[in-house]
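upload-v5.cif, holding mmCIF, N, CA and C atoms:
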data_target
#
loop_
_atom_site.label_atom_id
_atom_site.label_comp_id
_atom_site.auth_asym_id
_atom_site.auth_seq_id
_atom_site.Cartn_x
_atom_site.Cartn_y
_atom_site.Cartn_z
N VAL A 16 -14.65 6.06 -10.79
CA VAL A 16 -14.90 7.02 -9.73
C VAL A 16 -14.38 8.38 -10.18
N THR A 17 -15.11 9.41 -9.82
CA THR A 17 -14.66 10.77 -10.13
C THR A 17 -14.19 11.44 -8.85
N VAL A 18 -12.96 11.94 -8.88
CA VAL A 18 -12.36 12.63 -7.74
C VAL A 18 -11.84 13.97 -8.24
N LEU A 19 -12.32 15.06 -7.63
CA LEU A 19 -11.93 16.41 -8.03
C LEU A 19 -12.08 16.59 -9.55
N ASN A 20 -13.22 16.16 -10.05
CA ASN A 20 -13.57 16.28 -11.47
C ASN A 20 -12.64 15.50 -12.40
N ARG A 21 -11.93 14.52 -11.86
CA ARG A 21 -11.06 13.67 -12.68
C ARG A 21 -11.50 12.22 -12.53
N ARG A 22 -11.53 11.50 -13.61
CA ARG A 22 -11.92 10.08 -13.59
C ARG A 22 -10.72 9.25 -13.16
N ILE A 23 -10.92 8.43 -12.13
CA ILE A 23 -9.86 7.57 -11.61
C ILE A 23 -10.34 6.14 -11.62
N ARG A 24 -9.54 5.27 -12.21
CA ARG A 24 -9.88 3.85 -12.27
C ARG A 24 -9.61 3.21 -10.90
N PRO A 25 -10.29 2.12 -10.61
CA PRO A 25 -10.03 1.40 -9.35
C PRO A 25 -8.57 0.97 -9.28
N PHE A 26 -8.06 0.87 -8.06
CA PHE A 26 -6.66 0.47 -7.87
C PHE A 26 -6.53 -0.36 -6.60
N ILE A 27 -5.41 -1.01 -6.48
CA ILE A 27 -5.07 -1.80 -5.31
C ILE A 27 -4.24 -0.94 -4.39
N VAL A 28 -4.54 -0.94 -3.10
CA VAL A 28 -3.75 -0.21 -2.12
C VAL A 28 -2.66 -1.17 -1.65
N ALA A 29 -1.40 -0.79 -1.85
CA ALA A 29 -0.28 -1.71 -1.60
C ALA A 29 0.72 -1.12 -0.62
N ASP A 30 1.64 -1.98 -0.19
CA ASP A 30 2.71 -1.53 0.69
C ASP A 30 3.96 -1.22 -0.13
N ALA A 31 5.06 -0.94 0.55
CA ALA A 31 6.29 -0.50 -0.11
C ALA A 31 6.91 -1.56 -1.00
N ALA A 32 6.53 -2.83 -0.84
CA ALA A 32 7.09 -3.89 -1.67
C ALA A 32 6.66 -3.78 -3.12
N PHE A 33 5.59 -3.04 -3.38
CA PHE A 33 5.08 -2.90 -4.74
C PHE A 33 5.52 -1.58 -5.33
N GLY A 34 5.65 -1.55 -6.62
CA GLY A 34 5.95 -0.32 -7.32
C GLY A 34 4.66 0.44 -7.60
N LEU A 35 4.76 1.75 -7.65
CA LEU A 35 3.61 2.58 -7.99
C LEU A 35 3.24 2.31 -9.44
N ALA A 36 1.97 2.08 -9.70
CA ALA A 36 1.49 1.80 -11.05
C ALA A 36 0.06 2.29 -11.16
N THR A 37 -0.47 2.29 -12.37
CA THR A 37 -1.83 2.78 -12.57
C THR A 37 -2.85 1.95 -11.80
N ILE A 38 -2.54 0.68 -11.51
CA ILE A 38 -3.46 -0.15 -10.74
C ILE A 38 -3.01 -0.36 -9.31
N VAL A 39 -1.89 0.25 -8.92
CA VAL A 39 -1.35 0.07 -7.57
C VAL A 39 -1.04 1.44 -6.96
N MET A 40 -1.66 1.72 -5.82
CA MET A 40 -1.42 2.97 -5.11
C MET A 40 -0.70 2.66 -3.81
N LYS A 41 0.33 3.44 -3.49
CA LYS A 41 1.08 3.21 -2.26
C LYS A 41 1.48 4.54 -1.64
N CYS A 42 2.00 4.47 -0.43
CA CYS A 42 2.42 5.66 0.31
C CYS A 42 3.62 6.33 -0.35
N TYR A 43 3.81 7.60 0.01
CA TYR A 43 5.03 8.30 -0.36
C TYR A 43 6.14 7.80 0.55
N ALA A 44 7.34 7.71 0.02
CA ALA A 44 8.50 7.29 0.81
C ALA A 44 9.30 8.53 1.22
N GLY A 45 10.10 8.36 2.26
CA GLY A 45 11.00 9.43 2.66
C GLY A 45 10.54 10.18 3.89
N ASP A 46 11.41 11.06 4.37
CA ASP A 46 11.14 11.82 5.58
C ASP A 46 10.70 13.26 5.29
N ASN A 47 11.02 13.79 4.14
CA ASN A 47 10.71 15.18 3.81
C ASN A 47 9.39 15.28 3.07
N LEU A 48 8.32 14.90 3.74
CA LEU A 48 6.99 14.91 3.12
C LEU A 48 6.22 16.15 3.54
N THR A 49 5.35 16.61 2.66
CA THR A 49 4.47 17.71 3.01
C THR A 49 3.38 17.19 3.95
N ASN A 50 2.67 18.08 4.60
CA ASN A 50 1.55 17.67 5.45
C ASN A 50 0.51 16.91 4.64
N GLU A 51 0.28 17.35 3.41
CA GLU A 51 -0.69 16.69 2.56
C GLU A 51 -0.26 15.25 2.26
N GLN A 52 1.02 15.07 1.98
CA GLN A 52 1.54 13.72 1.71
C GLN A 52 1.46 12.84 2.95
N ARG A 53 1.74 13.40 4.12
CA ARG A 53 1.62 12.63 5.37
C ARG A 53 0.16 12.23 5.62
N ASP A 54 -0.78 13.14 5.37
CA ASP A 54 -2.20 12.81 5.51
C ASP A 54 -2.59 11.68 4.55
N PHE A 55 -2.10 11.77 3.33
CA PHE A 55 -2.38 10.73 2.34
C PHE A 55 -1.82 9.39 2.81
N ASN A 56 -0.58 9.39 3.28
CA ASN A 56 0.03 8.15 3.78
C ASN A 56 -0.80 7.56 4.91
N TYR A 57 -1.29 8.40 5.80
CA TYR A 57 -2.12 7.93 6.91
C TYR A 57 -3.36 7.21 6.38
N CYS A 58 -4.01 7.82 5.39
CA CYS A 58 -5.22 7.21 4.81
C CYS A 58 -4.91 5.89 4.11
N VAL A 59 -3.81 5.83 3.40
CA VAL A 59 -3.42 4.58 2.72
C VAL A 59 -3.14 3.49 3.75
N ILE A 60 -2.41 3.83 4.79
CA ILE A 60 -2.07 2.84 5.82
C ILE A 60 -3.32 2.34 6.52
N ARG A 61 -4.22 3.25 6.87
CA ARG A 61 -5.48 2.85 7.52
C ARG A 61 -6.32 1.96 6.61
N THR A 62 -6.39 2.31 5.34
CA THR A 62 -7.16 1.52 4.39
C THR A 62 -6.56 0.12 4.26
N ARG A 63 -5.25 0.05 4.11
CA ARG A 63 -4.60 -1.26 4.01
C ARG A 63 -4.86 -2.10 5.25
N ARG A 64 -4.84 -1.49 6.42
CA ARG A 64 -5.06 -2.22 7.67
C ARG A 64 -6.48 -2.80 7.72
N VAL A 65 -7.46 -2.02 7.33
CA VAL A 65 -8.85 -2.50 7.32
C VAL A 65 -8.99 -3.69 6.36
N VAL A 66 -8.41 -3.56 5.18
CA VAL A 66 -8.50 -4.64 4.19
C VAL A 66 -7.76 -5.88 4.68
N GLU A 67 -6.55 -5.70 5.21
CA GLU A 67 -5.78 -6.84 5.72
C GLU A 67 -6.51 -7.56 6.85
N ASP A 68 -7.12 -6.80 7.75
CA ASP A 68 -7.88 -7.41 8.84
C ASP A 68 -9.07 -8.21 8.31
N ALA A 69 -9.77 -7.64 7.34
CA ALA A 69 -10.93 -8.34 6.76
C ALA A 69 -10.50 -9.62 6.05
N ILE A 70 -9.42 -9.56 5.30
CA ILE A 70 -8.95 -10.75 4.60
C ILE A 70 -8.46 -11.80 5.60
N GLY A 71 -7.79 -11.37 6.67
CA GLY A 71 -7.35 -12.31 7.70
C GLY A 71 -8.53 -13.02 8.34
N ARG A 72 -9.58 -12.29 8.64
CA ARG A 72 -10.78 -12.90 9.23
C ARG A 72 -11.45 -13.84 8.22
N MET A 73 -11.47 -13.43 6.96
CA MET A 73 -12.08 -14.30 5.94
C MET A 73 -11.28 -15.59 5.80
N LYS A 74 -9.96 -15.51 5.81
CA LYS A 74 -9.12 -16.72 5.76
C LYS A 74 -9.34 -17.59 6.99
N GLY A 75 -9.57 -16.95 8.14
CA GLY A 75 -9.83 -17.71 9.36
C GLY A 75 -11.12 -18.51 9.26
N ARG A 76 -12.10 -17.96 8.61
CA ARG A 76 -13.39 -18.64 8.46
C ARG A 76 -13.36 -19.68 7.34
N CYS A 77 -12.58 -19.42 6.31
CA CYS A 77 -12.58 -20.27 5.11
C CYS A 77 -11.16 -20.75 4.84
N SER A 78 -10.77 -21.81 5.50
CA SER A 78 -9.38 -22.27 5.41
C SER A 78 -8.96 -22.69 4.01
N ILE A 79 -9.91 -22.93 3.13
CA ILE A 79 -9.56 -23.29 1.76
C ILE A 79 -8.77 -22.16 1.09
N LEU A 80 -8.92 -20.93 1.57
CA LEU A 80 -8.21 -19.79 1.00
C LEU A 80 -6.74 -19.75 1.39
N VAL A 81 -6.37 -20.47 2.44
CA VAL A 81 -5.00 -20.39 2.95
C VAL A 81 -4.07 -21.32 2.19
N HIS A 82 -4.41 -22.56 2.06
CA HIS A 82 -3.53 -23.55 1.43
C HIS A 82 -4.23 -24.23 0.26
N ASN A 83 -4.78 -23.44 -0.60
CA ASN A 83 -5.51 -23.99 -1.73
C ASN A 83 -4.66 -23.85 -2.99
N TYR A 84 -4.54 -24.91 -3.71
CA TYR A 84 -3.76 -24.89 -4.93
C TYR A 84 -4.63 -25.16 -6.15
N VAL A 85 -5.72 -24.42 -6.25
CA VAL A 85 -6.63 -24.57 -7.38
C VAL A 85 -5.95 -23.97 -8.61
N ARG A 86 -5.84 -24.74 -9.64
CA ARG A 86 -5.16 -24.28 -10.86
C ARG A 86 -6.12 -23.67 -11.88
N ASP A 87 -7.39 -23.94 -11.72
CA ASP A 87 -8.39 -23.43 -12.65
C ASP A 87 -8.81 -22.03 -12.18
N PRO A 88 -8.51 -20.99 -12.96
CA PRO A 88 -8.85 -19.62 -12.52
C PRO A 88 -10.34 -19.40 -12.31
N VAL A 89 -11.18 -20.07 -13.09
CA VAL A 89 -12.63 -19.91 -12.93
C VAL A 89 -13.05 -20.48 -11.57
N MET A 90 -12.53 -21.65 -11.23
CA MET A 90 -12.87 -22.26 -9.94
C MET A 90 -12.29 -21.44 -8.78
N ALA A 91 -11.07 -20.93 -8.94
CA ALA A 91 -10.46 -20.10 -7.89
C ALA A 91 -11.32 -18.85 -7.64
N ARG A 92 -11.81 -18.24 -8.71
CA ARG A 92 -12.68 -17.06 -8.57
C ARG A 92 -13.97 -17.42 -7.85
N ARG A 93 -14.56 -18.55 -8.20
CA ARG A 93 -15.80 -18.99 -7.53
C ARG A 93 -15.57 -19.24 -6.05
N ILE A 94 -14.46 -19.86 -5.72
CA ILE A 94 -14.14 -20.14 -4.31
C ILE A 94 -13.97 -18.82 -3.55
N ALA A 95 -13.21 -17.89 -4.13
CA ALA A 95 -12.97 -16.60 -3.47
C ALA A 95 -14.27 -15.83 -3.29
N LEU A 96 -15.12 -15.79 -4.31
CA LEU A 96 -16.40 -15.08 -4.20
C LEU A 96 -17.31 -15.74 -3.16
N SER A 97 -17.34 -17.06 -3.15
CA SER A 97 -18.16 -17.79 -2.17
C SER A 97 -17.67 -17.50 -0.75
N ALA A 98 -16.36 -17.53 -0.57
CA ALA A 98 -15.79 -17.24 0.75
C ALA A 98 -16.12 -15.82 1.19
N ALA A 99 -16.07 -14.87 0.25
CA ALA A 99 -16.38 -13.48 0.58
C ALA A 99 -17.84 -13.33 0.99
N VAL A 100 -18.74 -14.02 0.30
CA VAL A 100 -20.16 -13.96 0.65
C VAL A 100 -20.38 -14.54 2.05
N ILE A 101 -19.82 -15.72 2.30
CA ILE A 101 -19.96 -16.34 3.63
C ILE A 101 -19.39 -15.43 4.70
N HIS A 102 -18.21 -14.89 4.44
CA HIS A 102 -17.58 -13.99 5.42
C HIS A 102 -18.45 -12.77 5.70
N ASN A 103 -18.98 -12.15 4.64
CA ASN A 103 -19.80 -10.95 4.82
C ASN A 103 -21.08 -11.25 5.60
N ILE A 104 -21.68 -12.40 5.34
CA ILE A 104 -22.88 -12.79 6.11
C ILE A 104 -22.52 -12.96 7.58
N CYS A 105 -21.41 -13.65 7.83
CA CYS A 105 -20.98 -13.86 9.22
C CYS A 105 -20.68 -12.53 9.92
N GLU A 106 -20.02 -11.62 9.22
CA GLU A 106 -19.70 -10.32 9.82
C GLU A 106 -20.98 -9.53 10.11
N ARG A 107 -21.89 -9.53 9.16
CA ARG A 107 -23.15 -8.78 9.34
C ARG A 107 -23.97 -9.34 10.49
N CYS A 108 -23.97 -10.66 10.63
CA CYS A 108 -24.75 -11.31 11.70
C CYS A 108 -23.97 -11.39 13.01
N GLN A 109 -22.78 -10.85 13.01
CA GLN A 109 -21.91 -10.83 14.19
C GLN A 109 -21.69 -12.23 14.76
N CYS A 110 -21.40 -13.16 13.85
CA CYS A 110 -21.11 -14.53 14.26
C CYS A 110 -19.81 -14.55 15.07
N GLU A 111 -19.70 -15.53 15.93
CA GLU A 111 -18.51 -15.65 16.76
C GLU A 111 -17.27 -15.81 15.89
N PHE A 112 -16.19 -15.19 16.31
CA PHE A 112 -14.91 -15.31 15.62
C PHE A 112 -13.81 -15.26 16.66
N GLU A 113 -12.87 -16.19 16.55
CA GLU A 113 -11.74 -16.21 17.48
C GLU A 113 -10.47 -15.85 16.73
N ASP A 114 -9.68 -14.96 17.33
CA ASP A 114 -8.45 -14.53 16.68
C ASP A 114 -7.50 -15.69 16.39
N SER A 115 -7.62 -16.77 17.14
CA SER A 115 -6.75 -17.93 16.90
C SER A 115 -7.04 -18.58 15.56
N TRP A 116 -8.17 -18.26 14.94
CA TRP A 116 -8.51 -18.81 13.62
C TRP A 116 -7.68 -18.18 12.51
N ILE A 117 -7.15 -16.98 12.75
CA ILE A 117 -6.41 -16.28 11.71
C ILE A 117 -5.11 -17.03 11.45
N PRO A 118 -4.88 -17.43 10.19
CA PRO A 118 -3.68 -18.21 9.90
C PRO A 118 -2.42 -17.35 9.96
N ASP A 119 -1.33 -17.98 10.34
CA ASP A 119 -0.04 -17.32 10.35
C ASP A 119 0.64 -17.63 9.03
N VAL A 120 0.57 -16.69 8.10
CA VAL A 120 1.08 -16.91 6.76
C VAL A 120 2.24 -15.96 6.52
N ALA A 121 3.33 -16.48 5.98
CA ALA A 121 4.51 -15.66 5.68
C ALA A 121 4.18 -14.63 4.61
N ASP A 122 4.93 -13.53 4.61
CA ASP A 122 4.69 -12.43 3.68
C ASP A 122 5.49 -12.56 2.38
N GLY A 123 5.65 -13.71 1.85
CA GLY A 123 6.36 -13.87 0.58
C GLY A 123 7.85 -14.04 0.78
N ASP A 124 8.61 -13.79 -0.28
CA ASP A 124 10.04 -14.06 -0.25
C ASP A 124 10.89 -12.84 0.03
N GLY A 125 10.29 -11.71 0.34
CA GLY A 125 11.04 -10.50 0.65
C GLY A 125 11.49 -9.71 -0.56
N GLN A 126 11.22 -10.20 -1.75
CA GLN A 126 11.59 -9.50 -2.97
C GLN A 126 10.49 -8.53 -3.37
N PRO A 127 10.86 -7.36 -3.87
CA PRO A 127 9.82 -6.43 -4.32
C PRO A 127 9.00 -7.02 -5.45
N ALA A 128 7.72 -6.76 -5.41
CA ALA A 128 6.85 -7.22 -6.48
C ALA A 128 6.92 -6.24 -7.64
N VAL A 129 6.84 -6.74 -8.83
CA VAL A 129 6.90 -5.89 -10.01
C VAL A 129 5.52 -5.86 -10.66
N VAL A 130 5.02 -4.67 -10.89
CA VAL A 130 3.73 -4.51 -11.53
C VAL A 130 3.93 -3.59 -12.72
N ASP A 131 3.47 -4.04 -13.88
CA ASP A 131 3.56 -3.19 -15.06
C ASP A 131 2.59 -2.03 -14.92
N GLY A 132 2.99 -0.88 -15.37
CA GLY A 132 2.10 0.26 -15.34
C GLY A 132 2.84 1.53 -15.65
N ASN A 133 2.11 2.54 -15.99
CA ASN A 133 2.68 3.83 -16.31
C ASN A 133 2.86 4.63 -15.03
N VAL A 134 4.11 4.77 -14.57
CA VAL A 134 4.39 5.43 -13.30
C VAL A 134 4.01 6.91 -13.34
N VAL A 135 4.18 7.57 -14.47
CA VAL A 135 3.82 8.99 -14.58
C VAL A 135 2.32 9.17 -14.36
N VAL A 136 1.52 8.34 -15.00
CA VAL A 136 0.06 8.41 -14.81
C VAL A 136 -0.28 8.10 -13.36
N ALA A 137 0.36 7.10 -12.78
CA ALA A 137 0.10 6.72 -11.39
C ALA A 137 0.45 7.87 -10.44
N GLU A 138 1.54 8.57 -10.70
CA GLU A 138 1.91 9.72 -9.85
C GLU A 138 0.87 10.83 -9.97
N ASN A 139 0.34 11.04 -11.16
CA ASN A 139 -0.71 12.05 -11.34
C ASN A 139 -1.97 11.68 -10.56
N VAL A 140 -2.35 10.41 -10.62
CA VAL A 140 -3.51 9.94 -9.85
C VAL A 140 -3.25 10.12 -8.36
N ARG A 141 -2.06 9.75 -7.91
CA ARG A 141 -1.75 9.91 -6.48
C ARG A 141 -1.81 11.37 -6.07
N ASN A 142 -1.34 12.26 -6.91
CA ASN A 142 -1.41 13.70 -6.59
C ASN A 142 -2.86 14.18 -6.48
N ILE A 143 -3.73 13.70 -7.34
CA ILE A 143 -5.15 14.04 -7.25
C ILE A 143 -5.72 13.54 -5.92
N LEU A 144 -5.37 12.31 -5.56
CA LEU A 144 -5.86 11.73 -4.30
C LEU A 144 -5.31 12.49 -3.10
N VAL A 145 -4.08 12.96 -3.18
CA VAL A 145 -3.50 13.76 -2.09
C VAL A 145 -4.32 15.03 -1.90
N GLN A 146 -4.64 15.70 -2.98
CA GLN A 146 -5.45 16.92 -2.90
C GLN A 146 -6.82 16.62 -2.29
N PHE A 147 -7.43 15.54 -2.72
CA PHE A 147 -8.75 15.16 -2.22
C PHE A 147 -8.69 14.87 -0.72
N VAL A 148 -7.73 14.07 -0.29
CA VAL A 148 -7.59 13.74 1.13
C VAL A 148 -7.35 15.00 1.94
N HIS A 149 -6.50 15.86 1.44
CA HIS A 149 -6.18 17.10 2.16
C HIS A 149 -7.46 17.95 2.34
N GLN A 150 -8.28 18.06 1.30
CA GLN A 150 -9.51 18.82 1.41
C GLN A 150 -10.45 18.21 2.44
N LYS A 151 -10.51 16.89 2.50
CA LYS A 151 -11.40 16.22 3.45
C LYS A 151 -10.91 16.33 4.88
N MET A 152 -9.59 16.45 5.07
CA MET A 152 -9.03 16.45 6.42
C MET A 152 -8.88 17.86 6.98
N THR A 153 -9.12 18.89 6.17
CA THR A 153 -8.99 20.26 6.68
C THR A 153 -10.35 20.92 6.80
#
Any chance you could put this one into structure tokens?
Amino acid sequence: VTVLNRRIRPFIVADAAFGLATIVMKCYAGDNLTNEQRDFNYCVIRTRRVVEDAIGRMKGRCSILVHNYVRDPVMARRIALSAAVIHNICERCQCEFEDSWIPDVADGDGQPAVVDGNVVVAENVRNILVQFVHQKMT
């Protein structure tokens, strides 16, 4: 993707438990943020919420995704892709969905996740995205 004439690779939008990396984008921390940084944080939080809601609904429809211990990565990928296709068809056709289907799954062990990556490059990418978001919101 090109943003403000800069090439940016796809990344995962994460919460504070993850470290900033070239493949992981997260909000700015702290209270002394610029308006641009606050706008960026708002967009990241909204994006994460949309993705989390979609994944929760997909898990509700396809329970194999909740407690599946498939050890074969090829089979795990096929299951995930199949579940995503089924979920997208159901969403597009506005099939019935009950919130009680969404599984109650714990958020891990509370330890920060470690992701390898170049933090300097990730900060540069985040700064480009901040500028882009600010331009779109003003």
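Closest approach to Asn103 of chain A among A:Met73, A:Asn50, A:Leu35, A:Pro25 is made by A:Met73 (distances from only N, CA and C atoms).
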Correct to one decimal, the distance atom CA of Arg64 of chain A-atom CA of Lys41 of chain A is 12.9 Å
Where does the PyMOL selection byres (((chain A and resi 42 and name CA) around 8) and name CA) land in this file, that is, which residues does it pick, as a PyMOL selection string? chain A and resi 30-31+40-41+43-44+55-56+59-60
Find the distance between atom CA of Trp116 of chain A and atom C of Ile94 of chain A and write it in Å to one decimal. 18.0 Å
Name the residues of segment 20-152 of chain A that fall into alpha helix (DSSP H) according to DSSP on the backbone, using the chain letters and numbers of this document, as a ChimeraX atom specification. /A:50-76,88-107,134-152
re atom CA of Thr62 of chain A and atom C of Met90 of chain A: distance 27.0 Å
Going by DSSP on the backbone, which residues of segment 20-137 of chain A come out as strand (DSSP E or B)? List them as a PyMOL selection string. chain A and resi 21-22+27-28+33+36+39-40+128
Of the candidates A:Val140, A:Ala95, A:Cys110, A:Lys151, which shows the shortest atom-to-atom distance to Arg24 of chain A, using all atoms listed in the file? A:Val140
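Of the listed residues (A:Val89, A:Val148, A:Val39, A:Ala137), A:Val148 comes nearest to Cys58 of chain A; the distances count all atoms listed in the file.
Across A:Thr153, A:Ile79, A:Val145, A:Glu67, the tightest approach to Gln52 of chain A is made by A:Val145 when counting all atoms listed in the file.
Neighbouring residues of Ile117 of chain A at 7 Å or closer, counting only C-alpha atoms and skipping chain neighbours under 4 positions away, are A:Gly71, A:Arg72, A:Lys74, A:Gly75.
Here the question is which of A:Asn47, A:Asp54, A:Gln109, A:Arg63 gets nearest to Ala29 of chain A using only C-alpha atoms, and that residue is A:Arg63.
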Nearest to His82 of chain A, restricted to only C-alpha atoms and choosing among A:Glu138, A:Pro118, A:Ile38, A:Phe33, comes out as A:Pro118
